[in-house]
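Student: Just so it is clear, I am handing over model-v5.cif, which has mmCIF, C-alpha atoms and all ligand atoms.
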data_entry
#
loop_
_atom_site.label_atom_id
_atom_site.label_comp_id
_atom_site.auth_asym_id
_atom_site.auth_seq_id
_atom_site.Cartn_x
_atom_site.Cartn_y
_atom_site.Cartn_z
CA HIS U 171 30.25 7.67 -5.28
CA ASN U 172 31.41 6.84 -1.77
CA TYR U 173 28.43 7.25 0.57
CA SER U 174 30.32 6.52 3.80
CA ASP U 175 31.47 9.62 5.65
CA SER U 176 31.98 7.42 8.64
CA THR U 177 30.89 4.02 9.84
CA TYR U 178 27.19 3.19 10.19
CA ASP U 179 25.84 1.26 13.18
CA VAL U 180 23.67 -0.81 10.89
CA ILE U 181 23.16 -1.27 7.18
CA VAL U 182 19.94 -2.91 6.07
CA ILE U 183 20.38 -4.58 2.68
CA GLY U 184 17.05 -4.65 0.84
CA GLY U 185 14.30 -2.03 0.75
CA GLY U 186 11.25 -4.25 0.31
CA GLN U 187 8.60 -4.81 2.97
CA SER U 188 11.13 -6.44 5.33
CA GLY U 189 13.67 -3.62 5.04
CA LEU U 190 10.90 -1.07 5.68
CA ALA U 191 9.69 -2.92 8.79
CA CYS U 192 13.28 -2.78 10.11
CA GLY U 193 13.40 0.93 9.24
CA TYR U 194 10.23 1.55 11.27
CA TYR U 195 11.92 0.26 14.42
CA LEU U 196 15.34 1.75 13.59
CA ARG U 197 14.01 5.31 13.34
CA ARG U 198 12.87 5.04 16.97
CA THR U 199 16.47 4.40 18.08
CA ASP U 200 19.52 6.63 17.94
CA LEU U 201 21.39 4.12 15.79
CA ARG U 202 23.01 5.50 12.63
CA TYR U 203 21.37 3.40 9.92
CA LEU U 204 20.94 3.24 6.16
CA ILE U 205 18.73 1.00 4.03
CA ILE U 206 20.10 0.23 0.56
CA ASP U 207 18.16 -1.34 -2.26
CA ASP U 208 19.17 -2.28 -5.80
CA GLN U 209 15.86 -1.35 -7.47
CA PRO U 210 15.38 2.08 -9.08
CA LYS U 211 12.04 2.54 -7.28
CA CYS U 212 10.20 1.68 -4.05
CA GLY U 213 8.08 -1.48 -3.65
CA GLY U 214 10.60 -4.33 -3.42
CA ALA U 215 9.77 -7.56 -5.21
CA TRP U 216 6.17 -6.50 -5.82
CA GLN U 217 7.45 -4.43 -8.76
CA ASN U 218 8.37 -7.66 -10.55
CA ALA U 219 5.14 -9.52 -9.84
CA TRP U 220 2.85 -10.58 -12.68
CA ASP U 221 0.15 -8.12 -13.73
CA SER U 222 -2.80 -9.85 -12.06
CA LEU U 223 -1.13 -10.82 -8.75
CA THR U 224 -3.20 -9.97 -5.67
CA LEU U 225 -2.60 -10.47 -1.95
CA PHE U 226 -4.12 -13.46 -0.17
CA SER U 227 -5.64 -11.27 2.52
CA PRO U 228 -7.64 -8.04 2.71
CA SER U 229 -5.65 -4.84 3.35
CA GLU U 230 -6.32 -4.65 7.09
CA HIS U 231 -4.65 -8.06 7.39
CA SER U 232 -1.70 -7.06 5.21
CA SER U 233 -0.05 -4.25 7.07
CA LEU U 234 3.40 -3.31 8.27
CA PRO U 235 3.89 -1.96 11.83
CA GLY U 236 2.41 1.44 12.63
CA TRP U 237 0.19 2.19 9.66
CA LEU U 238 -2.63 0.06 8.18
CA MET U 239 -2.72 -0.47 4.43
CA PRO U 240 -5.52 1.77 3.04
CA LYS U 241 -8.67 -0.08 2.00
CA SER U 242 -8.30 -1.63 -1.44
CA GLU U 243 -10.77 -1.21 -4.27
CA ASN U 244 -11.62 -4.94 -4.34
CA GLU U 245 -11.52 -7.48 -1.52
CA PHE U 246 -7.87 -8.41 -2.13
CA PRO U 247 -5.34 -5.64 -2.82
CA VAL U 248 -3.75 -5.78 -6.30
CA LYS U 249 -0.01 -5.46 -6.80
CA ASN U 250 -0.09 -1.75 -7.60
CA GLU U 251 -1.97 -1.04 -4.37
CA VAL U 252 0.72 -2.95 -2.44
CA ILE U 253 3.50 -1.01 -4.20
CA GLN U 254 1.74 2.27 -3.49
CA TYR U 255 1.39 1.34 0.18
CA LEU U 256 5.09 0.47 0.49
CA CYS U 257 6.11 3.71 -1.26
CA GLN U 258 3.85 5.82 0.97
CA TYR U 259 5.08 3.93 4.03
CA GLU U 260 8.73 4.89 3.51
CA GLU U 261 7.72 8.50 2.81
CA ARG U 262 5.48 8.67 5.87
CA TYR U 263 8.24 7.54 8.23
CA LYS U 264 11.01 9.38 6.32
CA LEU U 265 13.10 6.22 6.24
CA ASN U 266 16.73 6.65 5.28
CA ILE U 267 16.85 4.66 2.02
CA LYS U 268 19.19 4.96 -0.97
CA ARG U 269 18.50 3.48 -4.43
CA PRO U 270 19.66 1.97 -6.64
CA ILE U 271 22.67 0.49 -4.88
CA LYS U 272 23.53 -3.19 -5.20
CA VAL U 273 25.61 -4.96 -2.58
CA LEU U 274 28.23 -7.15 -4.22
CA ASN U 275 30.37 -8.37 -1.33
CA VAL U 276 30.84 -8.17 2.42
CA ALA U 277 34.18 -8.53 4.22
CA LYS U 278 35.15 -8.04 7.86
CA LYS U 279 38.00 -6.13 9.54
CA GLY U 280 37.89 -6.46 13.31
CA ASN U 281 34.36 -5.51 14.36
CA ILE U 282 33.60 -3.58 11.17
CA TYR U 283 32.03 -4.85 7.96
CA THR U 284 33.24 -3.47 4.65
CA ILE U 285 30.29 -3.58 2.26
CA THR U 286 31.26 -3.34 -1.39
CA THR U 287 28.49 -2.00 -3.62
CA ASN U 288 28.31 -0.99 -7.27
CA LYS U 289 28.50 2.64 -6.03
CA GLY U 290 31.42 2.38 -3.61
CA ILE U 291 32.25 1.04 -0.18
CA ILE U 292 30.19 1.43 3.01
CA GLU U 293 31.30 0.49 6.53
CA SER U 294 29.01 -0.78 9.24
CA ARG U 295 29.08 -2.43 12.67
CA ALA U 296 26.03 -4.61 12.01
CA ILE U 297 24.15 -5.89 8.97
CA VAL U 298 20.55 -6.86 8.37
CA SER U 299 20.02 -8.96 5.26
CA ALA U 300 16.47 -8.30 4.01
CA THR U 301 16.95 -9.21 0.37
CA GLY U 302 14.05 -11.63 -0.09
CA ARG U 303 13.97 -14.39 -2.68
CA TRP U 304 12.54 -12.96 -5.86
CA SER U 305 15.96 -12.45 -7.50
CA LYS U 306 16.82 -16.13 -7.03
CA PRO U 307 14.40 -18.26 -9.08
CA PHE U 308 14.84 -22.00 -8.61
CA ILE U 309 14.48 -24.53 -11.43
CA PRO U 310 14.84 -28.23 -10.51
CA GLU U 311 17.39 -30.36 -12.34
CA ILE U 312 15.32 -32.73 -14.45
CA GLU U 313 17.00 -35.14 -16.83
CA GLY U 314 17.24 -33.93 -20.43
CA LEU U 315 16.14 -30.37 -19.74
CA HIS U 316 19.15 -28.93 -21.63
CA ARG U 317 17.86 -30.71 -24.76
CA PHE U 318 14.45 -28.99 -24.76
CA ASN U 319 14.27 -26.56 -27.72
CA GLY U 320 11.22 -24.55 -26.73
CA GLN U 321 10.84 -21.39 -24.63
CA GLN U 322 11.29 -21.45 -20.85
CA ILE U 323 10.29 -18.84 -18.29
CA HIS U 324 10.21 -18.82 -14.47
CA SER U 325 7.22 -17.38 -12.57
CA ALA U 326 9.65 -14.65 -11.36
CA HIS U 327 9.63 -13.24 -14.90
CA TYR U 328 6.08 -14.11 -15.96
CA LYS U 329 3.87 -11.04 -16.59
CA THR U 330 0.73 -11.80 -18.60
CA PRO U 331 -1.06 -14.72 -20.27
CA LYS U 332 -1.17 -12.71 -23.52
CA ASP U 333 2.45 -13.73 -24.20
CA PHE U 334 1.33 -17.35 -24.60
CA LYS U 335 -1.75 -16.98 -26.77
CA ASN U 336 -2.52 -20.15 -28.80
CA LYS U 337 0.66 -21.88 -27.60
CA LYS U 338 0.98 -25.29 -25.99
CA VAL U 339 2.18 -24.57 -22.45
CA LEU U 340 3.47 -26.74 -19.62
CA VAL U 341 3.08 -25.21 -16.15
CA VAL U 342 5.35 -26.96 -13.62
CA GLY U 343 4.73 -26.82 -9.86
CA GLU U 344 1.79 -27.46 -7.55
CA GLY U 345 2.01 -24.33 -5.38
CA ASN U 346 0.07 -21.09 -5.42
CA SER U 347 1.98 -19.57 -8.33
CA GLY U 348 1.42 -22.69 -10.42
CA ALA U 349 -2.32 -22.70 -9.73
CA GLN U 350 -2.72 -18.96 -10.39
CA ILE U 351 -0.68 -18.90 -13.59
CA LEU U 352 -2.30 -22.09 -14.90
CA SER U 353 -5.75 -20.61 -14.32
CA GLU U 354 -5.12 -17.50 -16.38
CA VAL U 355 -2.90 -18.91 -19.13
CA SER U 356 -5.42 -21.68 -19.81
CA LYS U 357 -7.90 -19.04 -21.00
CA LEU U 358 -5.70 -18.25 -24.02
CA ALA U 359 -3.54 -21.33 -24.51
CA ARG U 360 -3.62 -25.13 -24.33
CA VAL U 361 -2.09 -25.92 -20.95
CA LYS U 362 -1.01 -29.00 -18.99
CA TRP U 363 0.00 -29.01 -15.31
CA ALA U 364 3.03 -31.04 -14.22
CA THR U 365 3.16 -31.75 -10.48
CA ASN U 366 5.27 -33.93 -8.21
CA LYS U 367 2.28 -34.80 -6.09
CA GLU U 368 -1.47 -34.33 -6.35
CA PRO U 369 -2.16 -30.60 -5.73
CA SER U 370 -3.91 -29.80 -2.42
CA PHE U 371 -6.46 -27.02 -2.25
CA LEU U 372 -7.67 -25.15 0.83
CA PRO U 373 -11.41 -24.84 1.45
CA ASP U 374 -12.99 -21.97 -0.51
CA ASP U 375 -13.56 -19.77 2.54
CA VAL U 376 -9.96 -19.97 3.81
CA ASP U 377 -7.75 -17.06 2.80
CA GLY U 378 -4.58 -15.47 4.21
CA ARG U 379 -6.52 -14.13 7.20
CA VAL U 380 -7.56 -17.58 8.42
CA LEU U 381 -4.11 -18.99 7.69
CA PHE U 382 -2.43 -16.24 9.67
CA ASP U 383 -4.78 -16.60 12.66
CA GLN U 384 -4.21 -20.32 12.66
CA ALA U 385 -0.46 -19.98 12.37
CA THR U 386 -0.52 -17.44 15.23
CA ALA U 387 -2.47 -19.82 17.47
CA LYS U 388 0.06 -22.55 16.71
CA TYR U 389 2.96 -20.17 17.43
CA TYR U 390 1.62 -19.19 20.86
CA ALA U 391 0.65 -22.74 21.77
CA GLU U 392 4.15 -23.97 20.98
CA LYS U 393 5.72 -21.04 22.82
CA LYS U 394 3.86 -22.18 25.93
CA GLY U 395 5.09 -25.71 25.34
CA ILE U 396 1.67 -26.99 24.24
CA LYS U 397 1.91 -29.39 21.33
CA TRP U 398 -0.28 -28.18 18.47
CA SER U 399 -1.80 -31.28 17.01
CA ASN U 400 -5.09 -30.00 15.64
CA GLU U 401 -3.64 -28.44 12.51
CA LYS U 402 -6.72 -27.75 10.42
CA TYR U 403 -5.13 -26.33 7.31
CA ASN U 404 -1.80 -26.95 5.65
CA LEU U 405 -0.31 -23.49 5.18
CA GLY U 406 1.43 -24.56 1.97
CA ASN U 407 -1.80 -25.58 0.22
CA ILE U 408 -3.35 -23.59 -2.60
CA VAL U 409 -5.51 -20.61 -1.63
CA MET U 410 -8.74 -20.46 -3.64
CA LEU U 411 -8.45 -16.87 -4.86
CA PRO U 412 -11.25 -15.81 -7.25
CA SER U 413 -9.01 -16.45 -10.30
CA VAL U 414 -8.18 -19.97 -9.07
CA LYS U 415 -11.84 -20.79 -8.38
CA GLU U 416 -12.64 -19.66 -11.91
CA GLY U 417 -9.98 -22.07 -13.26
CA ARG U 418 -11.43 -24.89 -11.19
CA ASN U 419 -14.91 -24.19 -12.55
CA ARG U 420 -13.53 -24.58 -16.09
CA GLY U 421 -11.95 -27.89 -15.06
CA VAL U 422 -8.35 -26.88 -15.79
CA LEU U 423 -6.91 -27.45 -12.30
CA GLN U 424 -6.06 -31.08 -13.03
CA SER U 425 -2.58 -32.51 -12.70
CA ALA U 426 -1.36 -34.25 -15.87
CA GLY U 427 1.15 -36.21 -13.78
CA THR U 428 4.87 -36.10 -13.04
CA ILE U 429 7.65 -35.45 -15.57
CA SER U 430 10.04 -38.33 -16.08
CA TYR U 431 12.47 -36.52 -18.41
CA PHE U 432 12.67 -33.94 -21.20
CA ASN U 433 13.45 -34.41 -24.88
CA GLU U 434 13.87 -31.86 -27.71
CA ASN U 435 10.12 -31.31 -28.14
CA GLY U 436 8.73 -31.62 -24.65
CA VAL U 437 8.35 -34.20 -21.91
CA VAL U 438 8.06 -37.88 -21.34
CA TRP U 439 5.61 -38.37 -18.46
CA LYS U 440 6.12 -40.97 -15.73
CA SER U 441 3.34 -42.90 -17.46
CA GLY U 442 5.67 -43.28 -20.48
CA LYS U 443 3.58 -41.05 -22.73
CA GLU U 444 5.41 -38.35 -24.74
CA GLU U 445 3.99 -34.86 -25.18
CA SER U 446 5.24 -31.78 -27.06
CA PHE U 447 5.17 -28.22 -25.71
CA ASP U 448 6.09 -24.77 -27.04
CA VAL U 449 6.71 -23.25 -23.59
CA ILE U 450 7.53 -24.31 -20.03
CA ILE U 451 6.51 -21.99 -17.19
CA TRP U 452 8.47 -22.95 -14.05
CA CYS U 453 6.49 -22.30 -10.88
CA THR U 454 9.02 -24.10 -8.75
CA GLY U 455 9.97 -21.52 -6.15
CA PHE U 456 13.08 -19.62 -5.15
CA LYS U 457 16.42 -19.75 -3.35
CA TYR U 458 17.60 -16.94 -1.00
CA ALA U 459 19.38 -13.75 -2.19
CA THR U 460 22.42 -13.95 0.09
CA ASP U 461 25.39 -14.51 -2.29
CA PHE U 462 27.09 -11.26 -1.22
CA LEU U 463 27.75 -12.85 2.20
CA ARG U 464 29.72 -15.79 0.80
CA ASN U 465 33.06 -14.47 2.11
CA VAL U 466 31.93 -14.00 5.72
CA ILE U 467 29.47 -16.83 6.28
CA ASP U 468 28.83 -20.43 5.14
CA LEU U 469 25.92 -20.54 2.66
CA ASP U 470 24.25 -23.76 1.59
CA GLU U 471 23.22 -24.37 -2.03
CA LYS U 472 19.93 -22.50 -1.48
CA GLY U 473 21.67 -19.52 0.13
CA GLN U 474 20.56 -20.34 3.68
CA VAL U 475 22.85 -20.01 6.71
CA LYS U 476 22.60 -21.28 10.27
CA THR U 477 20.49 -18.86 12.30
CA LYS U 478 18.86 -18.74 15.70
CA THR U 479 15.65 -17.03 14.57
CA THR U 480 17.11 -13.89 12.89
CA PRO U 481 20.79 -13.68 14.00
CA SER U 482 23.40 -15.82 12.29
CA VAL U 483 24.88 -18.45 14.60
CA ASP U 484 28.45 -18.01 13.33
CA GLU U 485 28.52 -14.28 12.54
CA LYS U 486 26.73 -12.70 15.49
CA SER U 487 26.40 -9.20 14.02
CA ILE U 488 24.52 -10.26 10.88
CA TRP U 489 20.73 -10.68 11.07
CA PHE U 490 18.28 -12.13 8.50
CA VAL U 491 14.76 -10.70 8.27
CA GLY U 492 11.79 -11.64 6.08
CA TYR U 493 12.72 -15.07 4.78
CA GLY U 494 9.63 -16.88 6.10
CA SER U 495 9.83 -19.93 8.30
CA TRP U 496 13.62 -20.08 7.92
CA THR U 497 14.15 -16.94 10.08
CA GLY U 498 10.83 -15.96 11.60
CA PHE U 499 7.30 -17.10 12.00
CA ALA U 500 5.22 -15.72 9.05
CA SER U 501 8.02 -13.22 8.34
CA ALA U 502 7.59 -13.43 4.56
CA THR U 503 4.25 -11.64 4.88
CA LEU U 504 3.40 -7.98 5.38
CA ILE U 505 1.53 -8.72 8.59
CA GLY U 506 4.13 -11.13 9.98
CA VAL U 507 7.44 -9.35 9.33
CA GLY U 508 6.89 -6.66 11.99
CA ARG U 509 7.46 -9.02 14.89
CA SER U 510 10.70 -10.30 13.36
CA ALA U 511 11.92 -6.77 12.61
CA ARG U 512 11.14 -5.53 16.14
CA SER U 513 13.09 -8.27 17.92
CA THR U 514 15.99 -7.90 15.47
CA ILE U 515 16.37 -4.14 16.01
CA LYS U 516 16.16 -4.65 19.78
CA GLU U 517 18.99 -7.18 19.58
CA ILE U 518 21.06 -4.85 17.39
CA GLN U 519 20.55 -1.99 19.85
CA SER U 520 21.84 -4.12 22.65
CA TYR U 521 24.75 -5.42 20.54
CA ILE U 522 25.86 -1.87 19.58
CA GLY U 523 25.32 -0.64 23.14
CA ASN U 524 27.72 -3.27 24.43
CA LEU U 525 30.51 -2.62 21.91
P1 LIG N 601 11.65 -8.29 -1.37
O1 LIG N 601 10.32 -7.71 -1.56
O2 LIG N 601 12.20 -9.22 -2.39
O3 LIG N 601 12.65 -7.06 -1.16
C1 LIG N 601 14.03 -7.24 -1.13
C2 LIG N 601 14.69 -6.08 -1.84
O4 LIG N 601 16.10 -6.25 -1.74
C3 LIG N 601 14.36 -6.04 -3.32
O5 LIG N 601 14.08 -4.74 -3.73
C4 LIG N 601 15.63 -6.58 -3.95
O6 LIG N 601 15.81 -6.15 -5.28
C5 LIG N 601 16.68 -6.05 -3.01
N1 LIG N 601 17.96 -6.75 -3.07
C6 LIG N 601 18.18 -8.07 -3.25
N2 LIG N 601 19.51 -8.33 -3.29
C7 LIG N 601 20.13 -7.14 -3.11
C8 LIG N 601 21.50 -6.74 -3.05
N3 LIG N 601 22.50 -7.62 -3.19
N4 LIG N 601 21.79 -5.43 -2.85
C9 LIG N 601 20.79 -4.52 -2.71
N5 LIG N 601 19.47 -4.85 -2.75
C10 LIG N 601 19.15 -6.13 -2.95
N6 LIG N 601 3.08 -11.71 1.00
C11 LIG N 601 2.04 -11.25 1.73
O7 LIG N 601 2.23 -10.61 2.75
N7 LIG N 601 0.76 -11.52 1.33
C12 LIG N 601 0.47 -12.19 0.18
O8 LIG N 601 -0.68 -12.41 -0.16
C13 LIG N 601 1.57 -12.67 -0.62
N8 LIG N 601 1.37 -13.33 -1.79
C14 LIG N 601 2.43 -13.77 -2.53
C15 LIG N 601 2.19 -14.45 -3.72
C16 LIG N 601 3.24 -14.91 -4.49
C17 LIG N 601 2.95 -15.68 -5.76
C18 LIG N 601 4.57 -14.69 -4.06
C19 LIG N 601 5.74 -15.19 -4.87
C20 LIG N 601 4.81 -14.00 -2.86
C21 LIG N 601 3.75 -13.55 -2.09
N9 LIG N 601 3.93 -12.88 -0.88
C22 LIG N 601 2.87 -12.41 -0.15
C23 LIG N 601 5.27 -12.77 -0.32
C24 LIG N 601 5.94 -11.49 -0.67
O9 LIG N 601 5.89 -11.18 -2.02
C25 LIG N 601 7.40 -11.65 -0.35
O10 LIG N 601 7.56 -12.46 0.74
C26 LIG N 601 7.96 -10.28 -0.02
O11 LIG N 601 8.14 -9.58 -1.24
C27 LIG N 601 9.23 -10.38 0.73
O12 LIG N 601 9.60 -9.09 1.09
P2 LIG N 601 11.09 -8.78 1.40
O13 LIG N 601 11.14 -7.34 1.74
O14 LIG N 601 11.62 -9.76 2.36
O15 LIG N 601 11.81 -9.07 0.02
#
Write the structure described by the file as structure tokens, please.
Ligand code: FAD
Tutor:
Amino acid sequence: HNYSDSTYDVIVIGGGQSGLACGYYLRRTDLRYLIIDDQPKCGGAWQNAWDSLTLFSPSEHSSLPGWLMPKSENEFPVKNEVIQYLCQYEERYKLNIKRPIKVLNVAKKGNIYTITTNKGIIESRAIVSATGRWSKPFIPEIEGLHRFNGQQIHSAHYKTPKDFKNKKVLVVGEGNSGAQILSEVSKLARVKWATNKEPSFLPDDVDGRVLFDQATAKYYAEKKGIKWSNEKYNLGNIVMLPSVKEGRNRGVLQSAGTISYFNENGVVWKSGKEESFDVIIWCTGFKYATDFLRNVIDLDEKGQVKTKTTPSVDEKSIWFVGYGSWTGFASATLIGVGRSARSTIKEIQSYIGNL
């Protein structure tokens, strides 16, 4: 099971969209690279997405470097179209990927990293962490939660509203996942929405395209030292996808308030009112999948490390790609990760060249 005949120049950990974007630039170099991914199949986190999940932007605005995503059947590509694109992308560029291999630990001897996986040890001079967030669901610590007797599920594991038919469901979290899941579950179940603040919705005609163009304008303005004050849209606000608009038209996109604490049967709201629930669906976001680096780098409680864009500040031959605003402008999107991947591979080339 030992894949390492000799030492690699670079190992990319993670074969989702970010790992593939790195692969695109790596194959143009003479670096000896390998991408490893712990999933049995191609597609990264999209394989775990819920059945109805669609992209925020049309296909031509959702593409990795080099090859546009083929036109989708409807305006917004569905998850299977994204998975198909990612699978065809790695075939098309004959990227060197091995699956399923899970990285468990990284250690360092001199200039070489020893990467322990569930299939043996691999050695490398540089590492790109492109592991995303999907495997690290985050649930906030709310008083009394351990006492709640009902069912709990995080959006990371949610698949279909059918599982909650006729139940009394509490959806927690005012982001996009919360709004999308609330909209569809409320068709089959009685649902309340718990939020920390009043949810904010984008105008109906603003989708991922507009957000990306706006974010790009801001990026270039700030690069030139121009302060960007006219921020029209908050990028974190809820995108009015067709399913979310439909929920709004039925009047279900209303916050029921903020949770004060949990008891055996459900919640006590900040207002003091008690309410029982069968199920809680946590739409409260994610940490970062970086645990395997704990012995070479300082991780905070969310799994973040100090970086200067993609390279780690303390461990100069480890790079982080695809984690959104933490490591690169718009890098958690298909269209945005290319720029981050390109600069990272350029830096790695120069690092290896100078060894
Ligand atoms: P991932 O896709 O998570 O890939 C990382 C891979 O690394 C996975 O296969 C994982 O299993 C593997 N891995 C993790 N740990 C290890 C390990 N220790 N060893 C080996 N392998 C490992 N993006 C868009 O561009 N447009 C959208 O419209 C959009 N909508 C979204 C809607 C929702 C509700 C969510 C949650 C996300 C959305 N995204 C969208 C973002 C997108 O899904 C993620 O940002 C993207 O999947 C990140 O890609 P990645 O390659 O960085 O990580």
Student: Could you list, as a PyMOL selection string, all residues that come within 6 Å of ligand LIG 601 (chain N)? Count all atoms listed in the file.
Tutor: chain U and resi 183-189+206-209+214-216+225-227+232+271-274+300-304+347+459+492-493+502-504
Student: Which centre and edge lengths in Å to one decimal define the box along x, y and z that fits every listed atom of region 492-509 of chain U plus 6 Å per side, as JSON?
Tutor:
{"center_x": 7.8, "center_y": -13.4, "center_z": 9.7, "size_x": 24.6, "size_y": 25.4, "size_z": 22.3}
Student: When you count all atoms listed in the file, which of these residues is closest to Lys211 (chain U): U:Ser242, U:Gln254, U:Thr199, U:Gln424?
Tutor: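 Of the candidates, the smallest distance to Lys211 (chain U) is held by U:Gln254.
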Student: Hey, which of U:Val298, U:Ile282, U:Val342, U:Val437 ends up closest to Ala191 (chain U)? Count all atoms listed in the file.
Tutor: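 Looking at the shortest contact to Ala191 (chain U), the residue is U:Val298.
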Student: What does the structure give for the distance between CA of Ile467 (chain U) and CA of Trp496 (chain U), in Å to one decimal?
Tutor: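 Value for the CA of Ile467 (chain U)-CA of Trp496 (chain U) distance: 16.3 Å.
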Student: Which one is closest to Val341 (chain U): U:Lys443, U:Pro270, U:Arg262, U:Ile450? Count all atoms listed in the file.
Tutor: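 Smallest distance to Val341 (chain U) is found for U:Ile450.
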Student: Enumerate, in order of chain and increasing residue number, the residues of region 343-449 of chain U with an atom no farther than 7 Å from region 319-335 of chain U, each with its shortest atom pair and distance in Å to one decimal, counting only C-alpha atoms, as JSON lines.
Tutor:
{"residue": "U:Glu354", "atom": "CA", "partner": "U:Pro331", "partner_atom": "CA", "distance": 6.3}
{"residue": "U:Val355", "atom": "CA", "partner": "U:Pro331", "partner_atom": "CA", "distance": 4.7}
{"residue": "U:Leu358", "atom": "CA", "partner": "U:Lys335", "partner_atom": "CA", "distance": 5.0}
{"residue": "U:Ala359", "atom": "CA", "partner": "U:Lys335", "partner_atom": "CA", "distance": 5.2}
{"residue": "U:Glu434", "atom": "CA", "partner": "U:Asn319", "partner_atom": "CA", "distance": 5.3}
{"residue": "U:Asn435", "atom": "CA", "partner": "U:Asn319", "partner_atom": "CA", "distance": 6.3}
{"residue": "U:Asp448", "atom": "CA", "partner": "U:Gly320", "partner_atom": "CA", "distance": 5.1}
{"residue": "U:Val449", "atom": "CA", "partner": "U:Gln321", "partner_atom": "CA", "distance": 4.6}
Student: Just give me the gap between CA of Glu471 (chain U) and CA of Ile312 (chain U) in Å, one decimal is fine.
Tutor: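 Result for CA of Glu471 (chain U) versus CA of Ile312 (chain U): 16.9 Å, one decimal.
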